[in-house]
>>> print(open('my_file-v4.tsv').read())   # TSV, C-alpha atoms
chain	number	residue	atom	x	y	z
A	13	MET	CA	5.23	-10.85	11.75
A	14	MET	CA	7.25	-8.00	10.38
A	15	ASN	CA	10.77	-7.72	11.73
A	16	ILE	CA	12.85	-4.62	12.34
A	17	THR	CA	16.37	-4.25	13.62
A	18	ARG	CA	15.43	-2.66	16.95
A	19	PRO	CA	13.97	-4.52	19.97
A	20	VAL	CA	10.39	-3.42	20.51
A	21	PRO	CA	8.32	-3.40	23.72
A	22	SER	CA	5.08	-5.32	23.75
A	23	HIS	CA	1.99	-3.50	22.50
A	24	ARG	CA	-1.41	-4.35	23.98
A	25	ALA	CA	-4.41	-4.55	21.69
A	26	THR	CA	-7.25	-2.07	22.02
A	27	ALA	CA	-10.67	-2.16	20.42
A	28	CYS	CA	-11.59	0.83	18.32
A	29	GLN	CA	-14.36	0.07	15.86
A	30	HIS	CA	-16.05	2.52	13.52
A	31	PRO	CA	-18.44	2.32	10.59
A	32	ALA	CA	-16.97	2.78	7.14
A	33	PRO	CA	-17.62	6.32	5.85
A	34	ARG	CA	-19.14	7.13	2.49
A	35	ALA	CA	-15.88	8.31	0.99
A	36	LYS	CA	-16.32	10.62	-1.99
A	37	ALA	CA	-13.46	11.35	-4.33
A	38	CYS	CA	-11.88	14.80	-4.36
A	39	THR	CA	-13.92	16.56	-1.68
A	40	VAL	CA	-12.89	18.46	1.39
A	41	LEU	CA	-15.43	16.44	3.37
A	42	ALA	CA	-13.64	13.24	2.41
A	43	LEU	CA	-10.37	14.54	3.81
A	44	LEU	CA	-12.01	15.77	7.01
A	45	ALA	CA	-13.72	12.42	7.47
A	46	LEU	CA	-10.42	10.60	7.06
A	47	LEU	CA	-8.72	12.73	9.71
A	48	ALA	CA	-11.62	12.73	12.17
A	49	LEU	CA	-12.65	9.08	12.27
A	50	PRO	CA	-11.23	6.81	14.96
A	51	CYS	CA	-8.98	3.91	14.16
A	52	GLN	CA	-9.35	0.17	14.22
A	53	ARG	CA	-6.42	-1.25	16.13
A	54	THR	CA	-5.09	-4.79	16.53
A	55	HIS	CA	-2.04	-5.99	18.45
A	56	SER	CA	0.49	-4.51	16.05
A	57	ALA	CA	-1.52	-2.59	13.46
A	58	GLU	CA	-3.76	0.46	13.37
A	59	LEU	CA	-5.85	0.61	10.21
A	60	ALA	CA	-6.58	3.92	8.52
A	61	PRO	CA	-10.30	4.71	8.15
A	62	SER	CA	-12.00	3.58	4.96
A	63	THR	CA	-11.52	6.23	2.29
A	64	ILE	CA	-10.71	7.05	-1.33
A	65	LEU	CA	-7.49	8.86	-2.23
A	66	ASN	CA	-6.77	10.39	-5.63
A	67	TYR	CA	-3.34	10.88	-7.18
A	68	ASP	CA	-1.73	12.75	-10.06
A	69	GLY	CA	0.73	10.57	-11.88
A	70	ASN	CA	3.37	10.39	-14.57
A	71	GLY	CA	5.44	7.59	-15.96
A	72	LEU	CA	7.51	6.03	-18.69
A	73	GLU	CA	6.62	2.95	-20.78
A	74	GLN	CA	8.67	0.99	-23.30
A	75	GLY	CA	11.65	3.18	-22.56
A	76	PHE	CA	10.43	6.24	-24.50
A	77	ILE	CA	6.66	6.75	-24.06
A	78	ARG	CA	6.14	9.39	-21.40
A	79	TYR	CA	2.65	9.95	-20.04
A	80	THR	CA	0.68	11.75	-17.39
A	81	GLY	CA	-2.25	10.12	-15.69
A	82	LYS	CA	-4.31	9.62	-12.57
A	83	GLY	CA	-4.42	7.12	-9.76
A	84	THR	CA	-7.13	6.14	-7.31
A	85	LEU	CA	-6.75	4.15	-4.11
A	86	GLN	CA	-9.95	2.73	-2.66
A	87	TRP	CA	-9.53	1.36	0.85
A	88	SER	CA	-12.31	-0.11	3.01
A	89	HIS	CA	-12.58	-2.48	5.95
A	90	ASP	CA	-14.80	-3.63	8.79
A	91	THR	CA	-13.89	-5.51	11.94
A	92	THR	CA	-12.98	-8.75	10.14
A	93	SER	CA	-12.06	-8.08	6.50
A	94	TYR	CA	-10.65	-5.51	4.09
A	95	GLN	CA	-10.73	-4.59	0.40
A	96	ALA	CA	-8.22	-2.43	-1.48
A	97	ARG	CA	-8.02	-1.30	-5.09
A	98	LEU	CA	-5.35	0.81	-6.82
A	99	GLU	CA	-6.16	1.92	-10.36
A	100	ILE	CA	-3.87	3.86	-12.70
A	101	THR	CA	-5.30	5.55	-15.81
A	102	ALA	CA	-3.84	7.61	-18.65
A	103	LEU	CA	-5.44	9.02	-21.82
A	104	GLY	CA	-8.75	7.52	-20.77
A	105	PHE	CA	-7.36	3.98	-20.51
A	106	LYS	CA	-6.85	1.83	-17.43
A	107	LEU	CA	-3.16	1.04	-17.51
A	108	ARG	CA	-3.06	-1.12	-14.41
A	109	THR	CA	-5.35	-2.21	-11.60
A	110	TRP	CA	-4.41	-4.02	-8.41
A	111	ASN	CA	-7.09	-5.58	-6.22
A	112	SER	CA	-6.41	-7.08	-2.81
A	113	GLN	CA	-8.92	-8.57	-0.41
A	114	GLY	CA	-8.66	-10.62	2.72
A	115	ALA	CA	-9.10	-10.91	6.45
A	116	LEU	CA	-7.89	-8.87	9.40
A	117	GLY	CA	-5.90	-10.64	12.10
A	118	SER	CA	-3.95	-9.78	15.21
A	119	GLN	CA	-1.03	-8.52	13.11
A	120	GLY	CA	-3.07	-6.61	10.53
A	121	LEU	CA	-3.84	-7.54	6.91
A	122	GLN	CA	-4.03	-11.20	5.86
A	123	PRO	CA	-4.64	-11.21	2.09
A	124	GLU	CA	-6.64	-14.02	0.53
A	125	ARG	CA	-6.69	-12.97	-3.12
A	126	PHE	CA	-4.72	-10.53	-5.26
A	127	GLU	CA	-5.49	-9.55	-8.87
A	128	ASP	CA	-3.13	-7.71	-11.24
A	129	THR	CA	-4.94	-6.43	-14.33
A	130	THR	CA	-3.40	-4.70	-17.36
A	131	ARG	CA	-5.08	-3.60	-20.59
A	132	SER	CA	-4.48	-7.04	-22.11
A	133	ASP	CA	-4.26	-9.52	-19.27
A	134	GLN	CA	-5.24	-10.42	-15.73
A	135	LYS	CA	-3.39	-12.61	-13.26
A	136	ASN	CA	-4.49	-13.60	-9.77
A	137	VAL	CA	-2.85	-14.97	-6.67
A	138	ARG	CA	-4.57	-16.96	-3.93
A	139	PHE	CA	-3.30	-17.29	-0.36
A	140	LEU	CA	-4.37	-20.80	0.65
A	141	ARG	CA	-3.73	-20.68	4.35
A	142	ASN	CA	-5.37	-24.06	4.99
A	143	LYS	CA	-2.76	-25.61	2.66
A	144	GLY	CA	0.08	-23.27	3.55
A	145	VAL	CA	0.78	-22.23	-0.04
A	146	ILE	CA	0.54	-19.27	-2.42
A	147	ALA	CA	-1.09	-20.33	-5.72
A	148	TYR	CA	-0.62	-18.50	-9.05
A	149	SER	CA	-2.95	-18.36	-12.05
A	150	ALA	CA	0.08	-17.65	-14.25
A	151	GLY	CA	0.99	-21.33	-14.05
A	152	ASN	CA	3.97	-20.79	-11.79
A	153	PRO	CA	4.44	-23.44	-9.09
A	154	ASP	CA	2.88	-22.97	-5.67
A	155	LEU	CA	5.18	-21.46	-3.06
A	156	PRO	CA	5.22	-21.90	0.73
A	157	LEU	CA	3.05	-19.32	2.50
A	158	GLU	CA	4.64	-17.54	5.45
A	159	ALA	CA	2.57	-16.17	8.31
A	160	ASP	CA	3.34	-12.52	7.46
A	161	ALA	CA	2.76	-12.86	3.69
A	162	GLN	CA	1.41	-9.86	1.76
A	163	ASP	CA	0.67	-9.07	-1.86
A	164	LYS	CA	2.01	-6.10	-3.80
A	165	LEU	CA	-0.81	-3.78	-2.70
A	166	SER	CA	-1.55	-5.04	0.80
A	167	ALA	CA	2.17	-4.71	1.59
A	168	LEU	CA	1.94	-0.92	1.26
A	169	LEU	CA	-1.15	-0.76	3.46
A	170	GLN	CA	0.33	-3.12	6.04
A	171	LEU	CA	3.38	-0.88	6.32
A	172	GLY	CA	1.09	2.05	7.07
A	173	ALA	CA	-0.88	0.04	9.61
A	174	ARG	CA	2.31	-0.86	11.45
A	175	PHE	CA	3.43	2.76	11.50
A	176	GLY	CA	0.00	3.86	12.67
A	177	ALA	CA	0.09	1.52	15.66
A	178	ASN	CA	3.38	2.90	16.98
A	179	PRO	CA	5.14	5.56	14.90
A	180	GLN	CA	7.87	6.04	17.54
A	181	ARG	CA	8.94	2.43	16.99
A	182	TYR	CA	10.52	3.17	13.60
A	183	HIS	CA	13.60	5.27	12.93
A	184	ALA	CA	15.69	6.17	9.91
A	185	GLY	CA	17.98	3.25	9.16
A	186	ASP	CA	15.59	0.56	10.41
A	187	ARG	CA	14.58	-2.28	8.12
A	188	ILE	CA	11.16	-3.93	7.89
A	189	GLY	CA	10.96	-7.36	6.27
A	190	PHE	CA	8.17	-9.75	5.31
A	191	GLN	CA	7.16	-12.14	2.54
A	192	ALA	CA	5.43	-10.47	-0.40
A	193	THR	CA	4.28	-11.61	-3.82
A	194	ASP	CA	3.46	-10.13	-7.19
A	195	ALA	CA	1.41	-12.01	-9.79
A	196	TYR	CA	4.20	-14.51	-10.46
A	197	SER	CA	6.41	-15.20	-7.46
A	198	ALA	CA	7.10	-14.40	-3.82
A	199	GLU	CA	10.25	-13.33	-2.03
A	200	ARG	CA	11.33	-11.66	1.17
A	201	TRP	CA	10.81	-7.91	0.81
A	202	GLU	CA	12.94	-5.61	2.90
A	203	PHE	CA	12.04	-1.94	3.24
A	204	HIS	CA	14.62	0.57	4.45
A	205	VAL	CA	13.14	3.32	6.60
A	206	GLY	CA	14.29	6.78	5.60
A	207	ALA	CA	13.98	10.17	7.22
A	208	SER	CA	10.83	12.26	7.28
A	209	GLU	CA	10.47	14.47	4.21
A	210	VAL	CA	8.26	17.42	3.29
A	211	LEU	CA	6.62	16.71	-0.06
A	212	PRO	CA	5.35	19.65	-2.13
A	213	LEU	CA	1.78	19.23	-3.37
A	214	ALA	CA	-0.29	21.17	-5.88
A	215	GLU	CA	-1.35	24.76	-5.20
A	216	GLY	CA	1.48	25.41	-2.76
A	217	ASP	CA	0.47	22.78	-0.22
A	218	SER	CA	2.89	20.34	1.37
A	219	VAL	CA	2.76	17.27	3.61
A	220	SER	CA	5.26	15.48	5.85
A	221	ALA	CA	5.89	11.80	5.16
A	222	THR	CA	8.33	9.02	5.96
A	223	LYS	CA	9.97	7.39	2.95
A	224	LEU	CA	10.47	3.63	2.75
A	225	THR	CA	12.41	1.95	-0.05
A	226	LYS	CA	12.58	-1.63	-1.29
A	227	GLU	CA	15.50	-2.07	-3.65
A	228	ALA	CA	15.35	-4.30	-6.73
A	229	THR	CA	16.50	-7.91	-6.33
A	230	PRO	CA	17.52	-10.60	-8.83
A	231	GLU	CA	14.08	-12.19	-8.36
A	232	VAL	CA	12.00	-9.00	-8.72
A	233	ASP	CA	13.73	-6.22	-10.67
A	234	GLN	CA	11.63	-3.38	-9.29
A	235	THR	CA	12.48	-0.62	-6.87
A	236	ILE	CA	9.50	0.42	-4.75
A	237	GLU	CA	9.46	3.76	-2.94
A	238	VAL	CA	6.50	4.69	-0.76
A	239	TRP	CA	5.94	7.78	1.40
A	240	LEU	CA	3.62	7.31	4.41
A	241	ALA	CA	1.96	10.45	5.74
A	242	PRO	CA	0.71	10.85	9.33
A	243	ALA	CA	-1.86	13.34	8.01
A	244	LEU	CA	-3.38	10.49	5.95
A	245	ALA	CA	-3.29	7.99	8.84
A	246	TYR	CA	-0.11	6.59	7.23
A	247	LEU	CA	-1.69	5.76	3.90
A	248	PRO	CA	0.62	6.36	0.91
A	249	VAL	CA	0.90	10.02	-0.06
A	250	ARG	CA	3.34	9.12	-2.83
A	251	LEU	CA	4.25	5.87	-4.57
A	252	ARG	CA	6.99	5.34	-7.16
A	253	ILE	CA	7.77	1.99	-8.82
A	254	THR	CA	10.82	1.80	-11.10
A	255	GLU	CA	11.75	-1.12	-13.37
A	256	SER	CA	15.33	-2.09	-14.15
A	257	ASN	CA	14.85	-0.93	-17.76
A	258	GLY	CA	13.96	2.59	-16.61
A	259	ASN	CA	10.17	2.36	-16.94
A	260	PHE	CA	8.40	3.85	-13.94
A	261	VAL	CA	5.14	5.12	-12.52
A	262	ASP	CA	5.05	7.94	-9.96
A	263	LEU	CA	1.84	8.82	-8.08
A	264	LEU	CA	1.44	11.87	-5.81
A	265	TRP	CA	-1.64	12.50	-3.68
A	266	ARG	CA	-3.96	15.23	-4.92
A	267	LYS	CA	-5.21	17.06	-1.84
A	268	PRO	CA	-8.91	17.93	-2.15
A	269	HIS	CA	-9.84	21.62	-2.11
A	270	ARG	CA	-13.12	23.42	-1.74
A	271	SER	CA	-13.26	24.03	-5.49
A	272	ASP	CA	-13.05	20.27	-6.24
>>> encode(input="my_file-v4.tsv", output="structure tokens")
Amino acid sequence: MMNITRPVPSHRATACQHPAPRAKACTVLALLALLALPCQRTHSAELAPSTILNYDGNGLEQGFIRYTGKGTLQWSHDTTSYQARLEITALGFKLRTWNSQGALGSQGLQPERFEDTTRSDQKNVRFLRNKGVIAYSAGNPDLPLEADAQDKLSALLQLGARFGANPQRYHAGDRIGFQATDAYSAERWEFHVGASEVLPLAEGDSVSATKLTKEATPEVDQTIEVWLAPALAYLPVRLRITESNGNFVDLLWRKPHRSD
């Protein structure tokens, strides 16, 4: 279970099931469907409705190659399982794709498999709960699997699900910790909850979101910043990942308009 620094009252589960919508990229109907559909709630998590979100992005590679690109987050679930996919493209090429799939439990997402695909390679991670280990295709040794374990993509969605269940529970200065893994190793991730911010979007729009930050560690030299927006059922409205060498990718939600 995720831990924060404040004591929290118990939260009773409610059932709230809905069929997955036919999400269509970049349409006003897709946004309206996301906001109108009811939730699926467990003891400590409220899952955003199935949807597709599109992002405008920019980044830096190899320390000097600047690029602009696009991102797409596909998110779907039923009453027992989920699938998530984040794809980043630039100049017509897929730079990176994350796939996460797994089960839904009383505390939210329980990943079973994670894939990290670049233009030249693919690595996968398996969560072997019957054996209590995380197994890596990269040849790294298995690691003990903790009950709250997440992968790099499901971690972002699990944060949103926890906020969705009880937004008043979290305040600026709180910390949320859980085990998380990339394609090579796992460690204890700790996100610092920041204040609510107003993010400017294209065409003069804006959206309010809460920023959470995971600082780089000796084990994983990445800083992860994610902004969770109530208007998107606490899915990420912005995501920025920065490497210790200065390389980064920065994705900002592209709000659909009637002309899209």
>>> atom_distance(input="my_file-v4.tsv", atom1="atom CA of Gly104 of chain A", atom2="atom CA of Ile77 of chain A")
15.8 Å
>>> residues_around(input="my_file-v4.tsv", residues="Gln113 of chain A", least_positions_apart="5", cutoff="7 Å", atoms="only C-alpha atoms", output="VMD selection string")
chain A and resid 94 to 96 123 to 126
>>> atom_distance(input="my_file-v4.tsv", atom1="atom CA of Trp87 of chain A", atom2="atom CA of Ala245 of chain A")
12.1 Å
>>> residues_around(input="my_file-v4.tsv", residues="segment 251-259 of chain A", least_positions_apart="2", cutoff="6 Å", atoms="all atoms listed in the file", output="VMD selection string")
chain A and resid 72 to 73 75 233 to 238 261 to 263
>>> closest_residue(input="my_file-v4.tsv", among="A:Ala60, A:Ala167, A:Ala115, A:Val205", to="Asp186 of chain A", atoms="all atoms listed in the file")
A:Val205
>>> closest_residue(input="my_file-v4.tsv", among="A:Leu171, A:Ile100, A:Val145, A:Leu213", to="Leu157 of chain A", atoms="all atoms listed in the file")
A:Val145
>>> closest_residue(input="my_file-v4.tsv", among="A:Glu99, A:Asp90, A:Asp194, A:Asp217", to="Phe139 of chain A", atoms="only C-alpha atoms")
A:Asp194
>>> axis_aligned_box(input="my_file-v4.tsv", around="segment 149-156 of chain A", padding_each_side="8 Å", output="lines of an AutoDock Vina configuration file")
center_x = 1.1
center_y = -20.5
center_z = -6.8
size_x = 24.2
size_y = 21.8
size_z = 31.0
>>> atom_distance(input="my_file-v4.tsv", atom1="atom CA of Thr63 of chain A", atom2="atom CA of Glu215 of chain A")
22.4 Å
